[in-house]
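Asks: The following file, run11.pdb, comprises PDB, C-alpha atoms and all ligand atoms:
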ATOM      1  CA  MET A 173      84.330  27.416  14.511  1.00  0.00           C
ATOM      2  CA  SER A 174      81.643  29.821  15.659  1.00  0.00           C
ATOM      3  CA  ASP A 175      78.364  30.209  13.839  1.00  0.00           C
ATOM      4  CA  LYS A 176      79.919  33.079  11.882  1.00  0.00           C
ATOM      5  CA  ILE A 177      80.761  31.594   8.508  1.00  0.00           C
ATOM      6  CA  VAL A 178      81.822  34.945   7.041  1.00  0.00           C
ATOM      7  CA  GLU A 179      83.024  37.951   9.006  1.00  0.00           C
ATOM      8  CA  ILE A 180      84.408  40.904   7.090  1.00  0.00           C
ATOM      9  CA  THR A 181      85.212  44.090   8.977  1.00  0.00           C
ATOM     10  CA  ASN A 182      86.402  47.489   7.777  1.00  0.00           C
ATOM     11  CA  ALA A 183      87.577  45.983   4.515  1.00  0.00           C
ATOM     12  CA  ASN A 184      88.591  47.910   1.433  1.00  0.00           C
ATOM     13  CA  ILE A 185      88.422  45.810  -1.707  1.00  0.00           C
ATOM     14  CA  TYR A 186      90.625  46.645  -4.669  1.00  0.00           C
ATOM     15  CA  GLN A 187      90.886  45.553  -8.284  1.00  0.00           C
ATOM     16  CA  GLY A 188      94.493  46.429  -9.019  1.00  0.00           C
ATOM     17  CA  ASP A 189      94.963  49.954  -7.700  1.00  0.00           C
ATOM     18  CA  ASN A 190      91.264  50.794  -7.949  1.00  0.00           C
ATOM     19  CA  LEU A 191      89.243  50.864  -4.763  1.00  0.00           C
ATOM     20  CA  VAL A 192      86.021  49.017  -5.679  1.00  0.00           C
ATOM     21  CA  LEU A 193      84.357  48.711  -2.246  1.00  0.00           C
ATOM     22  CA  GLU A 194      85.106  50.742   0.863  1.00  0.00           C
ATOM     23  CA  ASP A 195      84.570  49.928   4.532  1.00  0.00           C
ATOM     24  CA  VAL A 196      82.846  46.595   3.948  1.00  0.00           C
ATOM     25  CA  ASN A 197      81.300  45.059   7.067  1.00  0.00           C
ATOM     26  CA  VAL A 198      79.460  41.803   6.485  1.00  0.00           C
ATOM     27  CA  THR A 199      78.705  38.867   8.745  1.00  0.00           C
ATOM     28  CA  VAL A 200      76.970  35.723   7.515  1.00  0.00           C
ATOM     29  CA  ASN A 201      75.952  32.998   9.937  1.00  0.00           C
ATOM     30  CA  LYS A 202      75.640  29.254   9.561  1.00  0.00           C
ATOM     31  CA  GLY A 203      72.689  28.260   7.397  1.00  0.00           C
ATOM     32  CA  GLU A 204      71.902  31.813   6.281  1.00  0.00           C
ATOM     33  CA  PHE A 205      70.804  32.621   2.722  1.00  0.00           C
ATOM     34  CA  VAL A 206      71.969  36.034   1.527  1.00  0.00           C
ATOM     35  CA  TYR A 207      71.516  37.730  -1.836  1.00  0.00           C
ATOM     36  CA  LEU A 208      74.104  40.083  -3.263  1.00  0.00           C
ATOM     37  CA  VAL A 209      72.680  42.597  -5.713  1.00  0.00           C
ATOM     38  CA  GLY A 210      73.895  45.786  -7.358  1.00  0.00           C
ATOM     39  CA  LYS A 211      74.342  47.302 -10.788  1.00  0.00           C
ATOM     40  CA  THR A 212      76.903  45.890 -13.199  1.00  0.00           C
ATOM     41  CA  GLY A 213      80.417  46.883 -12.227  1.00  0.00           C
ATOM     42  CA  THR A 214      79.598  47.861  -8.633  1.00  0.00           C
ATOM     43  CA  GLY A 215      81.693  45.070  -7.117  1.00  0.00           C
ATOM     44  CA  LYS A 216      79.599  41.942  -6.526  1.00  0.00           C
ATOM     45  CA  SER A 217      82.106  39.609  -8.160  1.00  0.00           C
ATOM     46  CA  SER A 218      84.983  41.446  -6.480  1.00  0.00           C
ATOM     47  CA  LEU A 219      83.400  40.773  -3.096  1.00  0.00           C
ATOM     48  CA  LEU A 220      82.809  37.095  -3.924  1.00  0.00           C
ATOM     49  CA  LYS A 221      86.370  36.761  -5.262  1.00  0.00           C
ATOM     50  CA  THR A 222      87.690  38.167  -2.003  1.00  0.00           C
ATOM     51  CA  LEU A 223      85.693  35.547  -0.120  1.00  0.00           C
ATOM     52  CA  TYR A 224      87.102  32.647  -2.146  1.00  0.00           C
ATOM     53  CA  GLY A 225      90.633  33.944  -2.143  1.00  0.00           C
ATOM     54  CA  ASP A 226      90.867  35.049  -5.759  1.00  0.00           C
ATOM     55  CA  LEU A 227      91.401  38.660  -4.714  1.00  0.00           C
ATOM     56  CA  GLN A 228      93.732  39.407  -1.858  1.00  0.00           C
ATOM     57  CA  LEU A 229      92.277  41.296   1.085  1.00  0.00           C
ATOM     58  CA  LYS A 230      94.709  44.174   1.454  1.00  0.00           C
ATOM     59  CA  GLN A 231      92.941  46.367   3.994  1.00  0.00           C
ATOM     60  CA  GLY A 232      90.621  45.424   6.842  1.00  0.00           C
ATOM     61  CA  ASN A 233      89.916  42.002   8.258  1.00  0.00           C
ATOM     62  CA  GLY A 234      88.114  38.948   6.999  1.00  0.00           C
ATOM     63  CA  THR A 235      87.430  35.403   8.099  1.00  0.00           C
ATOM     64  CA  VAL A 236      85.739  32.846   5.840  1.00  0.00           C
ATOM     65  CA  VAL A 237      84.947  29.308   7.062  1.00  0.00           C
ATOM     66  CA  GLY A 238      87.613  29.748   9.726  1.00  0.00           C
ATOM     67  CA  PHE A 239      90.349  31.034   7.378  1.00  0.00           C
ATOM     68  CA  ASN A 240      91.802  34.443   8.072  1.00  0.00           C
ATOM     69  CA  LEU A 241      91.896  36.175   4.676  1.00  0.00           C
ATOM     70  CA  LYS A 242      94.288  38.858   5.831  1.00  0.00           C
ATOM     71  CA  GLU A 243      96.965  36.689   7.341  1.00  0.00           C
ATOM     72  CA  MET A 244      96.486  33.775   5.011  1.00  0.00           C
ATOM     73  CA  ASP A 245      99.579  32.490   3.299  1.00  0.00           C
ATOM     74  CA  TRP A 246      98.514  32.325  -0.363  1.00  0.00           C
ATOM     75  CA  LYS A 247      99.615  28.720  -0.513  1.00  0.00           C
ATOM     76  CA  LYS A 248      96.608  28.099   1.721  1.00  0.00           C
ATOM     77  CA  VAL A 249      94.060  29.293  -0.838  1.00  0.00           C
ATOM     78  CA  PRO A 250      93.477  25.702  -2.087  1.00  0.00           C
ATOM     79  CA  PHE A 251      92.614  24.691   1.497  1.00  0.00           C
ATOM     80  CA  LEU A 252      90.133  27.572   1.731  1.00  0.00           C
ATOM     81  CA  ARG A 253      88.602  26.440  -1.588  1.00  0.00           C
ATOM     82  CA  ARG A 254      88.145  22.920  -0.248  1.00  0.00           C
ATOM     83  CA  ASN A 255      86.022  24.330   2.532  1.00  0.00           C
ATOM     84  CA  LEU A 256      83.618  26.251   0.368  1.00  0.00           C
ATOM     85  CA  GLY A 257      81.678  25.590  -2.805  1.00  0.00           C
ATOM     86  CA  VAL A 258      81.539  27.958  -5.752  1.00  0.00           C
ATOM     87  CA  VAL A 259      78.762  27.933  -8.362  1.00  0.00           C
ATOM     88  CA  PHE A 260      78.979  30.000 -11.539  1.00  0.00           C
ATOM     89  CA  GLN A 261      76.504  31.165 -14.151  1.00  0.00           C
ATOM     90  CA  ASP A 262      78.223  29.257 -16.955  1.00  0.00           C
ATOM     91  CA  PHE A 263      78.500  25.901 -15.130  1.00  0.00           C
ATOM     92  CA  GLN A 264      82.199  25.427 -16.020  1.00  0.00           C
ATOM     93  CA  LEU A 265      81.954  21.663 -16.440  1.00  0.00           C
ATOM     94  CA  LEU A 266      84.686  19.776 -18.260  1.00  0.00           C
ATOM     95  CA  THR A 267      83.078  19.015 -21.613  1.00  0.00           C
ATOM     96  CA  ASP A 268      85.232  15.979 -22.490  1.00  0.00           C
ATOM     97  CA  ARG A 269      84.020  13.724 -19.682  1.00  0.00           C
ATOM     98  CA  ASN A 270      80.787  12.551 -18.122  1.00  0.00           C
ATOM     99  CA  VAL A 271      79.225  13.848 -14.918  1.00  0.00           C
ATOM    100  CA  ASN A 272      80.796  11.180 -12.692  1.00  0.00           C
ATOM    101  CA  ASP A 273      84.250  11.948 -14.069  1.00  0.00           C
ATOM    102  CA  ASN A 274      83.700  15.697 -13.700  1.00  0.00           C
ATOM    103  CA  LEU A 275      82.978  15.144 -10.024  1.00  0.00           C
ATOM    104  CA  LYS A 276      85.797  12.642  -9.564  1.00  0.00           C
ATOM    105  CA  PHE A 277      88.232  15.130 -11.086  1.00  0.00           C
ATOM    106  CA  VAL A 278      87.387  17.609  -8.316  1.00  0.00           C
ATOM    107  CA  LEU A 279      87.615  14.973  -5.593  1.00  0.00           C
ATOM    108  CA  ARG A 280      91.061  13.858  -6.795  1.00  0.00           C
ATOM    109  CA  ALA A 281      92.219  17.463  -7.059  1.00  0.00           C
ATOM    110  CA  THR A 282      91.153  18.015  -3.464  1.00  0.00           C
ATOM    111  CA  GLY A 283      93.026  15.040  -2.087  1.00  0.00           C
ATOM    112  CA  TRP A 284      90.561  12.144  -2.233  1.00  0.00           C
ATOM    113  CA  LYS A 285      92.155   8.783  -3.099  1.00  0.00           C
ATOM    114  CA  ASP A 286      89.840   5.895  -2.164  1.00  0.00           C
ATOM    115  CA  GLU A 287      87.789   4.935  -5.269  1.00  0.00           C
ATOM    116  CA  LYS A 288      84.918   3.444  -3.267  1.00  0.00           C
ATOM    117  CA  LEU A 289      84.591   6.507  -1.033  1.00  0.00           C
ATOM    118  CA  MET A 290      84.713   8.756  -4.096  1.00  0.00           C
ATOM    119  CA  ASP A 291      81.969   6.743  -5.833  1.00  0.00           C
ATOM    120  CA  GLU A 292      79.820   6.915  -2.687  1.00  0.00           C
ATOM    121  CA  LYS A 293      80.331  10.660  -2.369  1.00  0.00           C
ATOM    122  CA  ILE A 294      79.464  11.235  -6.032  1.00  0.00           C
ATOM    123  CA  ALA A 295      76.275   9.161  -5.691  1.00  0.00           C
ATOM    124  CA  ASP A 296      75.407  11.149  -2.557  1.00  0.00           C
ATOM    125  CA  VAL A 297      75.785  14.621  -4.129  1.00  0.00           C
ATOM    126  CA  LEU A 298      73.982  13.595  -7.338  1.00  0.00           C
ATOM    127  CA  ASP A 299      71.124  12.308  -5.218  1.00  0.00           C
ATOM    128  CA  LYS A 300      71.035  15.603  -3.303  1.00  0.00           C
ATOM    129  CA  VAL A 301      70.595  17.601  -6.513  1.00  0.00           C
ATOM    130  CA  GLY A 302      68.047  15.191  -8.029  1.00  0.00           C
ATOM    131  CA  LEU A 303      70.353  13.663 -10.669  1.00  0.00           C
ATOM    132  CA  LYS A 304      70.732  10.197  -9.220  1.00  0.00           C
ATOM    133  CA  SER A 305      70.734   8.326 -12.521  1.00  0.00           C
ATOM    134  CA  LYS A 306      72.545  10.899 -14.658  1.00  0.00           C
ATOM    135  CA  GLY A 307      76.167  10.241 -13.726  1.00  0.00           C
ATOM    136  CA  PHE A 308      77.041   8.690 -17.076  1.00  0.00           C
ATOM    137  CA  LYS A 309      75.692  11.576 -19.130  1.00  0.00           C
ATOM    138  CA  MET A 310      78.041  13.933 -20.916  1.00  0.00           C
ATOM    139  CA  PRO A 311      77.517  17.652 -20.186  1.00  0.00           C
ATOM    140  CA  PHE A 312      76.373  18.287 -23.790  1.00  0.00           C
ATOM    141  CA  GLU A 313      73.610  15.694 -23.317  1.00  0.00           C
ATOM    142  CA  MET A 314      72.115  17.708 -20.467  1.00  0.00           C
ATOM    143  CA  SER A 315      69.851  20.742 -20.301  1.00  0.00           C
ATOM    144  CA  GLY A 316      71.090  24.018 -18.818  1.00  0.00           C
ATOM    145  CA  GLY A 317      69.165  23.311 -15.617  1.00  0.00           C
ATOM    146  CA  GLU A 318      70.712  19.860 -15.303  1.00  0.00           C
ATOM    147  CA  GLN A 319      74.198  21.251 -15.897  1.00  0.00           C
ATOM    148  CA  GLN A 320      73.588  23.823 -13.179  1.00  0.00           C
ATOM    149  CA  ARG A 321      72.552  20.982 -10.851  1.00  0.00           C
ATOM    150  CA  VAL A 322      75.833  19.215 -11.630  1.00  0.00           C
ATOM    151  CA  ASP A 323      77.659  22.463 -10.843  1.00  0.00           C
ATOM    152  CA  ILE A 324      75.836  22.589  -7.493  1.00  0.00           C
ATOM    153  CA  ALA A 325      76.627  18.893  -6.878  1.00  0.00           C
ATOM    154  CA  ARG A 326      80.275  19.723  -7.515  1.00  0.00           C
ATOM    155  CA  ALA A 327      80.083  22.557  -4.990  1.00  0.00           C
ATOM    156  CA  LEU A 328      78.704  20.103  -2.410  1.00  0.00           C
ATOM    157  CA  LEU A 329      81.486  17.507  -2.800  1.00  0.00           C
ATOM    158  CA  ASN A 330      83.539  18.631   0.156  1.00  0.00           C
ATOM    159  CA  SER A 331      80.507  19.285   2.409  1.00  0.00           C
ATOM    160  CA  PRO A 332      81.110  23.040   2.526  1.00  0.00           C
ATOM    161  CA  LYS A 333      79.745  25.322   5.211  1.00  0.00           C
ATOM    162  CA  LEU A 334      79.465  28.059   2.590  1.00  0.00           C
ATOM    163  CA  ILE A 335      78.424  28.168  -1.056  1.00  0.00           C
ATOM    164  CA  LEU A 336      79.192  31.241  -3.134  1.00  0.00           C
ATOM    165  CA  ALA A 337      76.975  31.432  -6.195  1.00  0.00           C
ATOM    166  CA  ASP A 338      77.639  34.022  -8.901  1.00  0.00           C
ATOM    167  CA  GLU A 339      74.406  34.463 -10.890  1.00  0.00           C
ATOM    168  CA  PRO A 340      73.502  30.767 -10.834  1.00  0.00           C
ATOM    169  CA  THR A 341      70.184  31.391 -12.612  1.00  0.00           C
ATOM    170  CA  GLY A 342      71.632  33.857 -15.126  1.00  0.00           C
ATOM    171  CA  ASN A 343      71.439  31.473 -18.093  1.00  0.00           C
ATOM    172  CA  LEU A 344      68.201  29.720 -17.197  1.00  0.00           C
ATOM    173  CA  ASP A 345      64.560  30.176 -18.153  1.00  0.00           C
ATOM    174  CA  PRO A 346      62.131  31.219 -15.356  1.00  0.00           C
ATOM    175  CA  GLU A 347      60.841  27.710 -14.666  1.00  0.00           C
ATOM    176  CA  THR A 348      64.314  26.180 -14.453  1.00  0.00           C
ATOM    177  CA  SER A 349      65.482  29.141 -12.323  1.00  0.00           C
ATOM    178  CA  ASP A 350      62.672  28.292  -9.947  1.00  0.00           C
ATOM    179  CA  GLU A 351      63.880  24.699  -9.638  1.00  0.00           C
ATOM    180  CA  ILE A 352      67.437  25.824  -8.964  1.00  0.00           C
ATOM    181  CA  MET A 353      66.258  28.300  -6.307  1.00  0.00           C
ATOM    182  CA  GLN A 354      64.237  25.586  -4.590  1.00  0.00           C
ATOM    183  CA  LEU A 355      67.309  23.365  -4.610  1.00  0.00           C
ATOM    184  CA  LEU A 356      69.548  26.103  -3.154  1.00  0.00           C
ATOM    185  CA  PHE A 357      67.022  26.906  -0.408  1.00  0.00           C
ATOM    186  CA  HIS A 358      66.690  23.202   0.365  1.00  0.00           C
ATOM    187  CA  ILE A 359      70.493  22.860   0.703  1.00  0.00           C
ATOM    188  CA  CYS A 360      70.589  25.914   2.943  1.00  0.00           C
ATOM    189  CA  ARG A 361      67.711  24.825   5.166  1.00  0.00           C
ATOM    190  CA  ASP A 362      68.325  21.091   5.387  1.00  0.00           C
ATOM    191  CA  TYR A 363      72.125  20.933   5.473  1.00  0.00           C
ATOM    192  CA  GLY A 364      72.753  24.230   7.261  1.00  0.00           C
ATOM    193  CA  THR A 365      74.952  25.500   4.417  1.00  0.00           C
ATOM    194  CA  ALA A 366      75.264  29.290   4.255  1.00  0.00           C
ATOM    195  CA  ILE A 367      74.746  30.601   0.724  1.00  0.00           C
ATOM    196  CA  ILE A 368      75.704  33.957  -0.737  1.00  0.00           C
ATOM    197  CA  MET A 369      74.168  34.401  -4.164  1.00  0.00           C
ATOM    198  CA  ALA A 370      74.953  37.291  -6.496  1.00  0.00           C
ATOM    199  CA  THR A 371      72.076  37.986  -8.848  1.00  0.00           C
ATOM    200  CA  HIS A 372      70.430  40.551 -11.105  1.00  0.00           C
ATOM    201  CA  ASP A 373      67.195  38.584 -11.013  1.00  0.00           C
ATOM    202  CA  TYR A 374      64.840  40.576  -8.795  1.00  0.00           C
ATOM    203  CA  ILE A 375      61.914  38.343  -9.756  1.00  0.00           C
ATOM    204  CA  VAL A 376      63.738  35.423  -8.140  1.00  0.00           C
ATOM    205  CA  ILE A 377      64.318  37.539  -5.011  1.00  0.00           C
ATOM    206  CA  SER A 378      60.675  38.526  -4.746  1.00  0.00           C
ATOM    207  CA  LYS A 379      59.646  34.866  -5.017  1.00  0.00           C
ATOM    208  CA  TYR A 380      62.301  33.625  -2.588  1.00  0.00           C
ATOM    209  CA  PRO A 381      62.837  36.525  -0.182  1.00  0.00           C
ATOM    210  CA  ALA A 382      65.970  36.636   1.987  1.00  0.00           C
ATOM    211  CA  ARG A 383      68.436  39.089   3.451  1.00  0.00           C
ATOM    212  CA  THR A 384      69.914  41.227   0.684  1.00  0.00           C
ATOM    213  CA  LEU A 385      73.283  42.944   0.420  1.00  0.00           C
ATOM    214  CA  LYS A 386      73.600  45.648  -2.202  1.00  0.00           C
ATOM    215  CA  THR A 387      76.755  47.074  -3.738  1.00  0.00           C
ATOM    216  CA  GLU A 388      76.222  50.732  -4.491  1.00  0.00           C
ATOM    217  CA  ARG A 389      78.440  53.800  -4.753  1.00  0.00           C
ATOM    218  CA  GLY A 390      81.455  51.902  -3.467  1.00  0.00           C
ATOM    219  CA  ARG A 391      79.741  50.505  -0.373  1.00  0.00           C
ATOM    220  CA  VAL A 392      77.897  47.372   0.666  1.00  0.00           C
ATOM    221  CA  GLU A 393      74.496  48.123   2.103  1.00  0.00           C
ATOM    222  CA  ASP A 394      73.065  45.409   4.333  1.00  0.00           C
ATOM    223  CA  ASN A 395      69.388  44.455   4.216  1.00  0.00           C
ATOM    224  CA  ALA A 396      68.935  46.777   1.294  1.00  0.00           C
ATOM    225  CA  THR A 397      65.444  47.513   0.094  1.00  0.00           C
ATOM    226  CA  ILE A 398      65.332  46.814  -3.571  1.00  0.00           C
ATOM    227  CA  SER A 399      62.790  47.931  -6.071  1.00  0.00           C
ATOM    228  CA  ILE A 400      61.789  45.783  -9.000  1.00  0.00           C
TER     229      ILE A 400
HETATM  230  N1  LIG B   1      90.462  41.779 -13.265  1.00  0.00           N
HETATM  231  C1  LIG B   1      90.171  43.081 -13.138  1.00  0.00           C
HETATM  232  N2  LIG B   1      91.132  44.020 -13.246  1.00  0.00           N
HETATM  233  C2  LIG B   1      90.838  45.327 -13.102  1.00  0.00           C
HETATM  234  N3  LIG B   1      89.608  45.791 -12.817  1.00  0.00           N
HETATM  235  C3  LIG B   1      88.626  44.914 -12.705  1.00  0.00           C
HETATM  236  C4  LIG B   1      88.836  43.511 -12.854  1.00  0.00           C
HETATM  237  N4  LIG B   1      87.659  42.872 -12.666  1.00  0.00           N
HETATM  238  C5  LIG B   1      86.754  43.828 -12.419  1.00  0.00           C
HETATM  239  N5  LIG B   1      87.327  45.054 -12.432  1.00  0.00           N
HETATM  240  C6  LIG B   1      86.635  46.335 -12.176  1.00  0.00           C
HETATM  241  O1  LIG B   1      86.172  46.326 -10.841  1.00  0.00           O
HETATM  242  C7  LIG B   1      84.888  46.930 -10.754  1.00  0.00           C
HETATM  243  C8  LIG B   1      83.905  45.935 -10.111  1.00  0.00           C
HETATM  244  O2  LIG B   1      83.729  44.815 -10.972  1.00  0.00           O
HETATM  245  P1  LIG B   1      82.921  43.526 -10.550  1.00  0.00           P
HETATM  246  O3  LIG B   1      83.144  42.505 -11.623  1.00  0.00           O
HETATM  247  O4  LIG B   1      83.253  43.173  -9.160  1.00  0.00           O
HETATM  248  O5  LIG B   1      81.426  44.075 -10.624  1.00  0.00           O
HETATM  249  P2  LIG B   1      80.057  43.277 -10.623  1.00  0.00           P
HETATM  250  O6  LIG B   1      79.129  44.049  -9.742  1.00  0.00           O
HETATM  251  O7  LIG B   1      80.298  41.857 -10.278  1.00  0.00           O
HETATM  252  O8  LIG B   1      79.596  43.385 -12.133  1.00  0.00           O
HETATM  253  P3  LIG B   1      78.663  42.382 -12.984  1.00  0.00           P
HETATM  254  O9  LIG B   1      77.290  42.506 -12.428  1.00  0.00           O
HETATM  255  O10 LIG B   1      78.775  42.924 -14.368  1.00  0.00           O
HETATM  256  O11 LIG B   1      79.244  41.013 -12.858  1.00  0.00           O
HETATM  257  C9  LIG B   1      84.509  47.329 -12.169  1.00  0.00           C
HETATM  258  O12 LIG B   1      84.805  48.710 -12.317  1.00  0.00           O
HETATM  259  C10 LIG B   1      85.397  46.500 -13.038  1.00  0.00           C
HETATM  260  O13 LIG B   1      85.700  47.173 -14.232  1.00  0.00           O
END
Show the structure stored in the file as structure tokens.
Ligand SMILES: Nc1ncnc2c1ncn2[C@@H]1O[C@H](COP(=O)(O)OP(=O)(O)OP(=O)(O)O)[C@@H](O)[C@H]1O
Replies:
Amino acid sequence: MSDKIVEITNANIYQGDNLVLEDVNVTVNKGEFVYLVGKTGTGKSSLLKTLYGDLQLKQGNGTVVGFNLKEMDWKKVPFLRRNLGVVFQDFQLLTDRNVNDNLKFVLRATGWKDEKLMDEKIADVLDKVGLKSKGFKMPFEMSGGEQQRVDIARALLNSPKLILADEPTGNLDPETSDEIMQLLFHICRDYGTAIIMATHDYIVISKYPARTLKTERGRVEDNATISI
């Protein structure tokens, strides 16, 4: 695979019959951190959904972590998902089981079988997000920031080259947001993981500046200047 983790060219992105984004051209390289901003309803989630195979790319071309979105047989979407990590605002942890079992559930669902290897992998990702001793906690016993760390740990399980994060600090107070941003930048810098993060939080962007894509008037503007 080249250093291009995402390459979208001349893409039109639809929700049903509605054209949401026109002539999208975006390339993201290995280890790059990219923000995705834009007013509510301008297509940030639609773009992310296209990248993780939740919305079919009908027009234009797109490659994500080596998968061709246009020619991809939809049975291959699970394979695409195994090669990228997705982090959401609302954590989406299974509430009936502890952190270890949440992570094991994902490993099993993505084809892992060896218990020892799974336990090692879980210990590794929890260590990476600073939750080494928290594997036996239930989600409801954890703060919002800790739950978001578990969500990030889950995204790291299959050593993805790309993490897509949809407003990962949306439910967090400023201090906890800061910690999550430091963690995401650390993952990006130290493991070479490309990260695309949709956000409305311009304070976060000003504190942690990076390339910014903006959805506006049906287009994606690259390296947009944003005003706070
Ligand atoms: N499942 C759907 N079916 C039909 N239209 C949809 C669907 N999801 C979103 N849309 C429409 O597509 C457009 C883009 O929505 P999208 O969720 O991508 O915007 P967004 O920028 O992510 O918004 P937000 O910041 O509120 O999350 C909106 O007009 C929305 O109403």
Asks: Using all atoms listed in the file, what are the residues with an atom within 7 Å of ligand LIG 1 (chain B), set out as a list in words?
Replies: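 What falls inside 7 Å of ligand LIG 1 (chain B) is Gln187, Gly188, Val192, Gly210, Lys211, Thr212, Gly213, Thr214, Gly215, Lys216, Ser217, Ser218 and Leu219 of chain A.
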Asks: Counting all atoms listed in the file, what is within 6 Å of segment 293-307 of chain A, bar same-chain residues fewer than 4 positions away, as an NGL selection string?
Replies: :A and (271-272 or 321 or 325)
Asks: Where does the PyMOL selection byres (((chain A and resi 315) around 12) and not hetatm) land in this file, that is, which residues does it pick, as a list in words?
Replies: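 Listing what the PyMOL selection byres (((chain A and resi 315) around 12) and not hetatm) selects in the shown file: Phe263, Leu303, Lys306, Lys309, Met310, Pro311, Phe312, Glu313, Met314, Gly316, Gly317, Glu318, Gln319, Gln320, Arg321, Val322, Asn343, Leu344, Asp345 and Thr348 of chain A.
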Asks: What's the separation between atom CA of Asp195 of chain A and atom CA of Ala183 of chain A, in Å to one decimal place?
Replies: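 Pair atom CA of Asp195 of chain A / atom CA of Ala183 of chain A returns 5.0 Å.
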Asks: Just say which residues the PyMOL selection byres (((chain A and resi 374-388) around 6) and not hetatm) picks in this file, as a PyMOL selection string.
Replies: chain A and resi 206-210+214+373+389-396
Asks: Using Å and a single decimal, report how far atom CA of Asn201 of chain A sits from atom CA of Ile359 of chain A.
Replies: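 Atom CA of Asn201 of chain A lies at a distance of 14.8 Å from atom CA of Ile359 of chain A.
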Asks: Compare A:Val259, A:Leu266, A:Leu227, A:Val237 by their minimum atom-to-atom distance to Ile185 of chain A, counting all atoms listed in the file, and give me the closest one.
Replies: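 The shortest atom-to-atom distance to Ile185 of chain A comes from A:Leu227.
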Asks: Could you list, as a ChimeraX atom specification, every residue within 6 Å of Ile180 of chain A, counting all atoms listed in the file and ignoring same-chain residues fewer than 5 positions away?
Replies: /A:197-198,233-234
Asks: Calculate how many Å separate atom CA of Lys288 of chain A from atom CA of Thr365 of chain A, rounding to one decimal.
Replies: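 Between atom CA of Lys288 of chain A and atom CA of Thr365 of chain A the gap works out to 25.4 Å.
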Asks: With 5 Å of padding per side, what axis-aligned box (centre and edge lengths, Å, one decimal) covers all the listed atoms of segment 342-360 of chain A? Give it as AutoDock Vina command-line options.
Replies:
--center_x 66.2 --center_y 28.4 --center_z -7.6 --size_x 20.8 --size_y 21.0 --size_z 31.1
Asks: From the list A:Lys221, A:Asp323, A:His372, A:Val258, which residue is nearest Leu241 of chain A when using all atoms listed in the file?
Replies: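 Selected residue with least distance to Leu241 of chain A: A:Lys221.
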Asks: Give me the result of the PyMOL selection byres (((chain A and resi 246-249) around 12) and not hetatm) on this file, residue by residue, as a list in words.
Replies: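 For this structure, the PyMOL selection byres (((chain A and resi 246-249) around 12) and not hetatm) resolves to Lys221, Thr222, Leu223, Tyr224, Gly225, Asp226, Leu227, Gln228, Leu229, Val236, Phe239, Asn240, Leu241, Lys242, Glu243, Met244, Asp245, Pro250, Phe251, Leu252, Arg253, Arg254, Asn255, Leu256 and Thr282 of chain A.
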Asks: Could you write those residues out with C-alpha atoms, as a compact mmCIF listing (two decimals), in the frame of the given file?
Replies:
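Wrote out29.txt, looks like this:
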# COMPACT_ATOMS: atom_id res chain seq x y z
CA LYS A 221 86.37 36.76 -5.26
CA THR A 222 87.69 38.17 -2.00
CA LEU A 223 85.69 35.55 -0.12
CA TYR A 224 87.10 32.65 -2.15
CA GLY A 225 90.63 33.94 -2.14
CA ASP A 226 90.87 35.05 -5.76
CA LEU A 227 91.40 38.66 -4.71
CA GLN A 228 93.73 39.41 -1.86
CA LEU A 229 92.28 41.30 1.08
CA VAL A 236 85.74 32.85 5.84
CA PHE A 239 90.35 31.03 7.38
CA ASN A 240 91.80 34.44 8.07
CA LEU A 241 91.90 36.17 4.68
CA LYS A 242 94.29 38.86 5.83
CA GLU A 243 96.96 36.69 7.34
CA MET A 244 96.49 33.78 5.01
CA ASP A 245 99.58 32.49 3.30
CA PRO A 250 93.48 25.70 -2.09
CA PHE A 251 92.61 24.69 1.50
CA LEU A 252 90.13 27.57 1.73
CA ARG A 253 88.60 26.44 -1.59
CA ARG A 254 88.14 22.92 -0.25
CA ASN A 255 86.02 24.33 2.53
CA LEU A 256 83.62 26.25 0.37
CA THR A 282 91.15 18.02 -3.46
Asks: Looking at all atoms listed in the file, which of A:Gln261, A:Asn330, A:Thr267, A:Ser349 is the one that sits closest to Met290 of chain A?
Replies: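 Checking each candidate against Met290 of chain A, we get A:Asn330 as the closest.
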Asks: Compare A:Leu191, A:Leu334, A:Leu265, A:Leu329 by their minimum atom-to-atom distance to Leu279 of chain A, counting all atoms listed in the file, and give me the closest one.
Replies: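 Looking only at the distances to Leu279 of chain A, the closest residue turns out to be A:Leu329.
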Asks: Show which residues sit within 12 Å of Gly364 of chain A, as a tab-separated table (two decimals) with C-alpha atoms, keeping the file's coordinate frame. Count only C-alpha atoms, and ignore same-chain residues fewer than 5 positions away.
Replies:
chain	number	residue	atom	x	y	z
A	175	ASP	CA	78.36	30.21	13.84
A	177	ILE	CA	80.76	31.59	8.51
A	201	ASN	CA	75.95	33.00	9.94
A	202	LYS	CA	75.64	29.25	9.56
A	203	GLY	CA	72.69	28.26	7.40
A	204	GLU	CA	71.90	31.81	6.28
A	205	PHE	CA	70.80	32.62	2.72
A	331	SER	CA	80.51	19.28	2.41
A	332	PRO	CA	81.11	23.04	2.53
A	333	LYS	CA	79.74	25.32	5.21
A	334	LEU	CA	79.46	28.06	2.59
A	335	ILE	CA	78.42	28.17	-1.06
A	356	LEU	CA	69.55	26.10	-3.15
A	357	PHE	CA	67.02	26.91	-0.41
A	358	HIS	CA	66.69	23.20	0.36
A	359	ILE	CA	70.49	22.86	0.70
Asks: Taking only C-alpha atoms into account, name the residue in A:Asn190, A:Asn184, A:Gln231, A:Thr341 that is nearest to Met353 of chain A.
Replies: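 With only C-alpha atoms as the atom set, the closest residue is A:Thr341.
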Asks: Taking into account only C-alpha atoms, which residue in the set A:Leu220, A:Lys285, A:Glu347, A:Ile324 is nearest to Met369 of chain A?
Replies: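 Under the stated criterion, the closest residue is A:Leu220.
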Asks: Counting all atoms listed in the file, which residues sit no farther than 7 Å from the position (74.4, 34.4, -11.0) in the file's frame? I'd like them as a list in words.
Replies: Phe260, Gln261, Ala337, Asp338, Glu339, Pro340, Thr341, Gly342, Met369, Ala370 and Thr371 of chain A
